[in-house]
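Trainee: Supplied structure: start.cif, mmCIF, C-alpha atoms.
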```cif
data_work
loop_
_atom_site.label_atom_id
_atom_site.label_comp_id
_atom_site.auth_asym_id
_atom_site.auth_seq_id
_atom_site.Cartn_x
_atom_site.Cartn_y
_atom_site.Cartn_z
CA MET S 17 0.00 0.00 0.00
CA THR S 18 1.36 3.45 -0.92
CA GLU S 19 1.68 6.27 1.66
CA ASN S 20 -0.99 8.38 -0.08
CA CYS S 21 -3.49 5.56 -0.58
CA THR S 22 -7.08 6.78 -0.98
CA HIS S 23 -8.50 3.25 -0.64
CA ASP S 24 -10.28 3.77 -3.96
CA CYS S 25 -8.85 1.12 -6.31
CA SER S 26 -10.93 2.38 -9.25
CA THR S 27 -8.83 5.54 -9.49
CA CYS S 28 -5.45 3.97 -8.79
CA SER S 29 -3.05 2.09 -11.06
CA ALA S 30 -0.72 0.87 -8.31
CA ASN S 31 -0.40 -2.90 -8.03
CA CYS S 32 -0.30 -3.08 -4.25
CA SER S 33 -1.25 -5.94 -1.93
CA SER S 34 -4.44 -4.20 -0.78
CA ARG S 35 -5.93 -3.97 -4.28
CA LYS S 36 -9.35 -5.59 -4.33
CA GLN S 37 -9.92 -8.36 -6.86
CA GLU S 38 -13.03 -7.46 -8.82
CA SER S 39 -15.41 -10.27 -9.61
CA LEU S 40 -16.06 -10.85 -13.30
CA LEU S 41 -19.26 -12.80 -12.65
CA ILE S 42 -22.26 -11.65 -14.68
CA PRO S 43 -25.52 -11.49 -12.69
CA ALA S 44 -28.30 -13.75 -13.86
CA ASN S 45 -31.62 -12.45 -15.08
CA PRO S 46 -33.57 -11.16 -12.03
CA LEU S 47 -36.36 -13.64 -12.81
CA SER S 48 -34.03 -16.65 -13.11
CA GLU S 49 -33.81 -19.39 -10.50
CA VAL S 50 -30.79 -21.65 -11.03
CA LYS S 51 -29.47 -23.90 -8.28
CA HIS S 52 -26.42 -25.48 -9.92
CA ILE S 53 -24.36 -24.78 -13.05
CA ILE S 54 -22.14 -27.42 -14.64
CA GLY S 55 -19.84 -26.75 -17.58
CA VAL S 56 -19.02 -29.52 -20.06
CA VAL S 57 -15.65 -28.91 -21.70
CA SER S 58 -13.04 -30.59 -23.89
CA GLY S 59 -9.51 -29.77 -24.90
CA LYS S 60 -10.28 -30.28 -28.59
CA GLY S 61 -13.22 -30.67 -30.90
CA GLY S 62 -14.86 -33.85 -32.12
CA VAL S 63 -14.72 -35.87 -28.91
CA GLY S 64 -18.47 -35.83 -28.18
CA LYS S 65 -18.79 -33.00 -25.69
CA SER S 66 -22.28 -32.04 -26.88
CA LEU S 67 -23.37 -35.68 -26.73
CA VAL S 68 -22.22 -35.93 -23.12
CA THR S 69 -24.02 -32.67 -22.29
CA SER S 70 -27.22 -33.97 -23.84
CA MET S 71 -27.01 -37.37 -22.16
CA LEU S 72 -26.44 -35.74 -18.78
CA ALA S 73 -29.49 -33.54 -19.36
CA VAL S 74 -31.71 -36.48 -20.30
CA LEU S 75 -30.65 -38.56 -17.30
CA LEU S 76 -30.91 -35.70 -14.80
CA GLN S 77 -34.39 -34.96 -16.15
CA ARG S 78 -35.34 -38.61 -15.62
CA GLU S 79 -34.17 -38.31 -12.01
CA GLY S 80 -36.80 -35.63 -11.49
CA TYR S 81 -34.66 -32.50 -11.82
CA LYS S 82 -35.55 -29.45 -13.85
CA VAL S 83 -32.73 -29.12 -16.40
CA GLY S 84 -31.59 -26.44 -18.82
CA ILE S 85 -28.86 -26.38 -21.47
CA LEU S 86 -27.02 -23.20 -22.41
CA ASP S 87 -25.38 -23.96 -25.75
CA ALA S 88 -22.20 -21.89 -25.56
CA ASP S 89 -20.72 -23.52 -28.65
CA ILE S 90 -21.85 -20.57 -30.76
CA THR S 91 -20.07 -21.47 -34.01
CA GLY S 92 -20.86 -25.19 -33.80
CA PRO S 93 -24.24 -25.50 -32.06
CA SER S 94 -25.60 -29.04 -32.16
CA ILE S 95 -27.89 -29.23 -29.13
CA PRO S 96 -31.14 -28.26 -30.95
CA LYS S 97 -30.62 -30.95 -33.60
CA THR S 98 -29.88 -33.57 -30.96
CA PHE S 99 -33.30 -32.91 -29.43
CA GLY S 100 -35.20 -32.44 -32.69
CA MET S 101 -35.84 -28.73 -32.05
CA LYS S 102 -36.52 -27.53 -35.57
CA ASN S 103 -38.66 -24.50 -36.46
CA VAL S 104 -38.85 -23.65 -32.75
CA GLU S 105 -39.30 -19.97 -31.88
CA VAL S 106 -37.78 -18.15 -28.93
CA TYR S 107 -40.20 -15.78 -27.22
CA GLY S 108 -39.39 -12.90 -24.93
CA ASP S 109 -40.21 -9.41 -23.74
CA ASP S 110 -38.54 -6.63 -21.81
CA ASN S 111 -37.96 -9.05 -18.93
CA GLY S 112 -35.91 -11.50 -20.97
CA MET S 113 -36.02 -14.49 -23.31
CA ILE S 114 -37.98 -17.66 -22.54
CA PRO S 115 -35.96 -20.78 -23.46
CA PRO S 116 -38.01 -23.28 -25.48
CA SER S 117 -38.27 -26.82 -24.16
CA THR S 118 -37.61 -30.27 -25.59
CA THR S 119 -40.23 -33.02 -25.64
CA THR S 120 -39.50 -34.01 -22.03
CA GLY S 121 -39.16 -30.44 -20.76
CA ILE S 122 -35.44 -29.66 -20.98
CA ASP S 123 -35.01 -25.91 -21.55
CA VAL S 124 -32.55 -24.96 -24.29
CA MET S 125 -31.01 -21.72 -25.46
CA SER S 126 -28.83 -21.92 -28.57
CA VAL S 127 -27.90 -19.60 -31.41
CA ASN S 128 -29.38 -22.13 -33.85
CA LEU S 129 -32.80 -21.39 -32.35
CA LEU S 130 -32.38 -17.75 -33.34
CA LEU S 131 -31.26 -18.35 -36.92
CA GLY S 132 -33.75 -18.73 -39.74
CA ASP S 133 -31.54 -21.37 -41.34
CA GLU S 134 -29.75 -23.83 -39.04
CA THR S 135 -27.07 -24.40 -41.69
CA LYS S 136 -26.17 -20.70 -41.81
CA PRO S 137 -22.63 -20.24 -40.45
CA VAL S 138 -21.96 -17.93 -37.53
CA VAL S 139 -19.04 -15.85 -38.81
CA TRP S 140 -18.36 -13.71 -35.77
CA ARG S 141 -15.22 -12.59 -33.99
CA GLY S 142 -14.35 -13.85 -30.53
CA SER S 143 -15.54 -10.81 -28.59
CA ILE S 144 -19.01 -10.98 -30.17
CA ILE S 145 -19.25 -14.72 -29.53
CA ALA S 146 -18.24 -14.26 -25.90
CA GLY S 147 -20.80 -11.48 -25.53
CA THR S 148 -23.50 -13.75 -26.94
CA VAL S 149 -22.74 -16.39 -24.29
CA GLN S 150 -23.07 -13.75 -21.59
CA GLN S 151 -26.40 -12.65 -23.07
CA PHE S 152 -27.67 -16.23 -23.08
CA TRP S 153 -26.97 -16.21 -19.33
CA LYS S 154 -28.21 -12.78 -18.25
CA ASP S 155 -31.01 -12.19 -20.80
CA THR S 156 -32.61 -15.64 -20.54
CA ILE S 157 -35.08 -16.47 -17.79
CA TRP S 158 -33.75 -19.78 -16.53
CA ASN S 159 -35.65 -21.99 -14.10
CA ALA S 160 -33.47 -25.00 -13.42
CA ASP S 161 -32.18 -27.25 -10.69
CA VAL S 162 -29.21 -27.87 -13.01
CA LEU S 163 -28.06 -25.69 -15.90
CA LEU S 164 -25.59 -27.46 -18.19
CA VAL S 165 -23.28 -25.27 -20.28
CA ASP S 166 -22.03 -26.90 -23.47
CA CYS S 167 -18.72 -25.09 -24.03
CA PRO S 168 -16.81 -24.90 -27.30
CA PRO S 169 -13.57 -26.91 -27.40
CA GLY S 170 -10.21 -25.55 -26.35
CA THR S 171 -9.09 -22.99 -23.81
CA GLY S 172 -9.84 -19.79 -25.73
CA ASP S 173 -12.16 -16.80 -25.41
CA VAL S 174 -15.50 -18.53 -24.87
CA PRO S 175 -14.46 -21.19 -22.31
CA LEU S 176 -12.64 -18.40 -20.47
CA THR S 177 -15.79 -16.27 -20.61
CA VAL S 178 -17.86 -19.13 -19.20
CA PHE S 179 -15.34 -19.77 -16.41
CA GLN S 180 -15.20 -16.09 -15.45
CA SER S 181 -18.78 -14.95 -16.09
CA LEU S 182 -20.93 -17.81 -14.77
CA PRO S 183 -20.92 -19.10 -11.17
CA LEU S 184 -19.94 -22.65 -12.08
CA ASP S 185 -20.29 -25.37 -9.47
CA GLY S 186 -17.90 -27.53 -11.48
CA ILE S 187 -17.02 -28.90 -14.89
CA VAL S 188 -17.00 -32.26 -16.61
CA ILE S 189 -14.09 -32.84 -19.01
CA VAL S 190 -14.73 -35.02 -22.08
CA SER S 191 -12.00 -36.98 -23.80
CA SER S 192 -11.40 -39.83 -26.22
CA PRO S 193 -8.78 -42.62 -26.05
CA GLN S 194 -6.03 -41.17 -28.27
CA ASP S 195 -2.78 -40.09 -26.63
CA LEU S 196 -3.06 -36.65 -28.24
CA VAL S 197 -6.48 -36.03 -26.72
CA SER S 198 -5.33 -37.16 -23.30
CA MET S 199 -2.58 -34.56 -23.50
CA ILE S 200 -5.09 -31.86 -24.40
CA VAL S 201 -7.36 -32.97 -21.55
CA SER S 202 -4.47 -32.05 -19.30
CA LYS S 203 -4.60 -28.53 -20.72
CA ALA S 204 -8.31 -28.23 -19.88
CA ALA S 205 -7.67 -29.62 -16.41
CA ASN S 206 -4.81 -27.17 -15.82
CA MET S 207 -7.02 -24.31 -17.00
CA ALA S 208 -9.70 -25.33 -14.51
CA ASN S 209 -7.12 -25.41 -11.73
CA MET S 210 -5.84 -21.96 -12.70
CA MET S 211 -9.40 -20.60 -12.58
CA ASN S 212 -10.23 -22.42 -9.32
CA ILE S 213 -13.10 -24.30 -10.97
CA PRO S 214 -13.79 -27.75 -9.45
CA VAL S 215 -13.54 -30.68 -11.85
CA LEU S 216 -16.36 -33.13 -11.19
CA GLY S 217 -14.68 -35.83 -13.27
CA LEU S 218 -13.72 -37.12 -16.69
CA VAL S 219 -15.84 -38.84 -19.34
CA GLU S 220 -14.22 -40.81 -22.13
CA ASN S 221 -16.23 -41.07 -25.34
CA MET S 222 -15.64 -43.53 -28.21
CA SER S 223 -13.85 -45.83 -25.76
CA TYR S 224 -14.60 -48.99 -27.71
CA ILE S 225 -17.05 -50.69 -30.04
CA LYS S 226 -18.74 -53.91 -29.03
CA CYS S 227 -18.81 -56.74 -31.57
CA PRO S 228 -22.49 -57.54 -32.29
CA ASP S 229 -21.68 -61.24 -32.70
CA CYS S 230 -19.36 -62.13 -29.84
CA GLY S 231 -19.69 -59.11 -27.56
CA LYS S 232 -15.95 -58.46 -27.49
CA GLU S 233 -14.91 -54.85 -26.83
CA ILE S 234 -12.70 -53.61 -29.68
CA ARG S 235 -10.44 -50.62 -28.90
CA VAL S 236 -10.66 -48.78 -32.21
CA PHE S 237 -8.30 -46.00 -31.13
CA GLY S 238 -5.93 -48.22 -29.18
CA GLU S 239 -5.53 -48.56 -25.45
CA SER S 240 -6.83 -45.68 -23.40
CA HIS S 241 -4.74 -43.69 -20.93
CA ILE S 242 -7.66 -41.84 -19.36
CA GLU S 243 -7.25 -43.66 -16.03
CA GLU S 244 -3.66 -42.41 -15.80
CA VAL S 245 -4.78 -38.86 -16.55
CA ALA S 246 -7.55 -39.09 -13.96
CA ALA S 247 -5.14 -40.47 -11.37
CA ASN S 248 -2.53 -37.79 -12.07
CA PHE S 249 -5.05 -35.04 -11.33
CA GLY S 250 -6.99 -36.90 -8.66
CA TYR S 251 -10.24 -36.84 -10.68
CA ASP S 252 -12.99 -39.41 -10.88
CA LEU S 253 -13.41 -41.29 -14.14
CA LEU S 254 -17.17 -40.84 -14.42
CA ALA S 255 -17.95 -42.91 -17.52
CA ARG S 256 -16.71 -44.63 -20.64
CA ILE S 257 -19.08 -44.33 -23.59
CA PRO S 258 -18.71 -46.80 -26.47
CA MET S 259 -19.24 -46.15 -30.16
CA ASP S 260 -22.89 -47.14 -30.33
CA PRO S 261 -24.71 -46.99 -33.71
CA LYS S 262 -28.09 -46.93 -31.93
CA LEU S 263 -27.08 -43.87 -29.93
CA SER S 264 -25.79 -42.13 -33.05
CA ALA S 265 -29.03 -42.87 -34.87
CA LEU S 266 -31.09 -41.30 -32.08
CA VAL S 267 -28.96 -38.15 -32.24
CA ASP S 268 -29.32 -37.95 -36.03
CA ARG S 269 -33.10 -38.26 -35.71
CA GLY S 270 -33.29 -35.71 -32.89
CA MET S 271 -34.67 -38.33 -30.52
CA LEU S 272 -31.96 -38.68 -27.87
CA GLU S 273 -34.58 -38.54 -25.12
CA LEU S 274 -35.57 -42.09 -26.13
CA MET S 275 -32.11 -43.51 -25.39
CA GLU S 276 -31.94 -46.77 -23.46
CA ASN S 277 -28.47 -47.44 -22.10
CA ASP S 278 -26.59 -47.22 -18.82
CA TYR S 279 -23.40 -45.58 -20.09
CA MET S 280 -23.80 -42.42 -17.97
CA ASP S 281 -25.95 -43.67 -15.09
CA ALA S 282 -23.11 -43.88 -12.58
CA ALA S 283 -21.76 -40.50 -13.71
CA VAL S 284 -25.07 -38.78 -13.01
CA GLN S 285 -25.32 -40.32 -9.55
CA LYS S 286 -21.78 -39.20 -8.68
CA ILE S 287 -22.53 -35.64 -9.84
CA ILE S 288 -25.75 -35.56 -7.81
CA GLU S 289 -23.85 -36.73 -4.73
CA LYS S 290 -20.97 -34.30 -5.20
CA LEU S 291 -23.18 -31.24 -5.66
CA LYS S 292 -25.93 -32.43 -3.32
CA ILE S 293 -28.50 -31.56 -5.96
CA GLU S 294 -32.08 -31.38 -4.73
CA ALA S 295 -35.19 -31.18 -6.91
CA ASN S 296 -37.75 -28.37 -6.61
#
```
Now, as a test, write the supplied structure out as structure tokens.
Mentor:
Amino acid sequence: MTENCTHDCSTCSANCSSRKQESLLIPANPLSEVKHIIGVVSGKGGVGKSLVTSMLAVLLQREGYKVGILDADITGPSIPKTFGMKNVEVYGDDNGMIPPSTTTGIDVMSVNLLLGDETKPVVWRGSIIAGTVQQFWKDTIWNADVLLVDCPPGTGDVPLTVFQSLPLDGIVIVSSPQDLVSMIVSKAANMANMMNIPVLGLVENMSYIKCPDCGKEIRVFGESHIEEVAANFGYDLLARIPMDPKLSALVDRGMLELMENDYMDAAVQKIIEKLKIEAN
């Protein structure tokens, strides 16, 4: 602290020990009621992050929780298609936007719901994309026991915006078996540690494919090292999801809510226990 300190950090450029750290959290819409926020992240694209987000939403909804999905992957939004939300309109007024719901009542806000053509590319710069994510949080009236945030891959502008702007209770990191992806998972994990965001655990997608004749598990991408990564960071390995043609078909048809598998059942129970999630 300098001798002539006025105790007003807003007018001072000195980097002293008494400087107050300003929170970058963006307040939610005044009409929102959100109990828990979970980010779903990955170190690189194409590992199934949006699939994991959607499966978590479906299973949490089946457990009796009110669930919402904020699709923060602005340039690659896939959540609406996964749930068959085509030609769905977003309504709102001066109080905020009302997120439309899926067949089973999962609320969704995604840029693809605001575009007339879902194939139209979003050619925006990083600052505009980050601002859109913040708007989806503060301008949407969310009512959810659990709000899942489907983040874009990597450790760039938008994941950083989510980490800094939203009061996350924790994140789930999605990976696949390749050595390269495991290395990039470490980057996402280190970013979470730097930002003091709890990691609820790891999910490995495309772990194997099961032979329809003999039932043998075939490691298409070679042996996984996800257990080593989890052990190195002290994280739980929440689930291993196989390459399942039936699951892929449901996603393509926008009917994921009809899925019948137990791939993520244990993961959901662990997340509920860790966050002590209670239904309304």
Trainee: Once the PyMOL selection byres ((chain S and resi 261-270) around 7) has been evaluated on this model, what residues remain selected, and can you format them as a PyMOL selection string?
Mentor: chain S and resi 97-100+259-260+271-272+275
Trainee: Pick the closest to Gly59 of chain S from S:Met207, S:Ile242, S:Ile122, S:Val236: which is it, counting only C-alpha atoms?
Mentor: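 Ranking S:Met207, S:Ile242, S:Ile122, S:Val236 by distance to Gly59 of chain S, first place goes to S:Met207.
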Trainee: Please work out which residues fall within 12 Å of (-24.9, -29.0, -29.5), coordinates as given in the file, with all atoms listed in the file counting, and return them as a PyMOL selection string.
Mentor: chain S and resi 56+61-62+64-71+85-101+124-129+134+164-169+267-268+270
Trainee: Hey, what comes out of the PyMOL selection byres ((chain S and resi 200) around 12) on this file? Could you write it as JSON, numbers by chain?
Mentor: {"S": [57, 58, 59, 60, 61, 63, 169, 170, 171, 189, 190, 191, 192, 193, 194, 195, 196, 197, 198, 199, 201, 202, 203, 204, 205, 206, 207, 242, 245]}
Trainee: Smallest atom-to-atom distance to Asp110 of chain S: which of S:Leu76, S:Val83, S:Ile157, S:Leu291, using only C-alpha atoms?
Mentor: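 For Asp110 of chain S, the nearest of the candidates is S:Ile157.
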Trainee: Within 6 Å of segment 42-51 of chain S, counting only C-alpha atoms, which residues qualify if same-chain residues fewer than 2 places away don't, as a PDB file with C-alpha atoms, in the frame of the given file?
Mentor:
```pdb
ATOM      1  CA  LYS S 154     -28.210 -12.780 -18.250  1.00  0.00           C
ATOM      2  CA  ASP S 155     -31.010 -12.190 -20.800  1.00  0.00           C
ATOM      3  CA  ILE S 157     -35.080 -16.470 -17.790  1.00  0.00           C
ATOM      4  CA  TRP S 158     -33.750 -19.780 -16.530  1.00  0.00           C
ATOM      5  CA  ASN S 159     -35.650 -21.990 -14.100  1.00  0.00           C
ATOM      6  CA  ALA S 160     -33.470 -25.000 -13.420  1.00  0.00           C
ATOM      7  CA  ASP S 161     -32.180 -27.250 -10.690  1.00  0.00           C
ATOM      8  CA  SER S 181     -18.780 -14.950 -16.090  1.00  0.00           C
TER       9      SER S 181
END
```
Trainee: Fewer than 5 positions away in the same chain doesn't count, so skip those; otherwise give me all residues within 8 Å of Gly217 of chain S, counting only C-alpha atoms, as a PyMOL selection string.
Mentor: chain S and resi 187-189+246+251-254
Trainee: The PyMOL selection byres ((chain S and resi 145) around 9) on the file shown: which residues, as a PyMOL selection string?
Mentor: chain S and resi 88-91+140-144+146-150+173-174
Trainee: With C-alpha atoms retained, could you export that selection as a PDB file, keeping the file's coordinate frame?
Mentor:
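result.pdb was written with the following content:
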```
ATOM      1  CA  ALA S  88     -22.200 -21.890 -25.560  1.00  0.00           C
ATOM      2  CA  ASP S  89     -20.720 -23.520 -28.650  1.00  0.00           C
ATOM      3  CA  ILE S  90     -21.850 -20.570 -30.760  1.00  0.00           C
ATOM      4  CA  THR S  91     -20.070 -21.470 -34.010  1.00  0.00           C
ATOM      5  CA  TRP S 140     -18.360 -13.710 -35.770  1.00  0.00           C
ATOM      6  CA  ARG S 141     -15.220 -12.590 -33.990  1.00  0.00           C
ATOM      7  CA  GLY S 142     -14.350 -13.850 -30.530  1.00  0.00           C
ATOM      8  CA  SER S 143     -15.540 -10.810 -28.590  1.00  0.00           C
ATOM      9  CA  ILE S 144     -19.010 -10.980 -30.170  1.00  0.00           C
ATOM     10  CA  ALA S 146     -18.240 -14.260 -25.900  1.00  0.00           C
ATOM     11  CA  GLY S 147     -20.800 -11.480 -25.530  1.00  0.00           C
ATOM     12  CA  THR S 148     -23.500 -13.750 -26.940  1.00  0.00           C
ATOM     13  CA  VAL S 149     -22.740 -16.390 -24.290  1.00  0.00           C
ATOM     14  CA  GLN S 150     -23.070 -13.750 -21.590  1.00  0.00           C
ATOM     15  CA  ASP S 173     -12.160 -16.800 -25.410  1.00  0.00           C
ATOM     16  CA  VAL S 174     -15.500 -18.530 -24.870  1.00  0.00           C
TER      17      VAL S 174
END
```
Trainee: To one decimal place, how far is atom CA of Gly55 of chain S from atom CA of Ile225 of chain S in Å?
Mentor: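 Between these atoms lies a distance of 27.1 Å.
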Trainee: With distances taken over only C-alpha atoms, which residue among S:Ile53, S:Cys230, S:Ala255, S:Val162 lies nearest Gln77 of chain S?
Mentor: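 Under the stated criterion, the closest residue is S:Val162.
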Trainee: So what do you get for atom CA of Pro175 of chain S versus atom CA of Asn103 of chain S, distance-wise?
Mentor: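 Value for the atom CA of Pro175 of chain S-atom CA of Asn103 of chain S distance: 28.2 Å.
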Trainee: If we draw a sphere of 9 Å around (-21.1, -44.9, -25.4), which residues have at least one atom in it when counting all atoms listed in the file? Please report them as a count of residues only.
Mentor: 17
Trainee: Between atom CA of Pro228 of chain S and atom CA of Val74 of chain S, what is the distance in Å, rounded to a tenth?
Mentor: 25.9 Å
Trainee: May I ask which of the residues S:Leu163, S:Leu131, S:Glu105, S:Pro115 is the closest one to Gly84 of chain S, counting only C-alpha atoms?
Mentor: S:Leu163
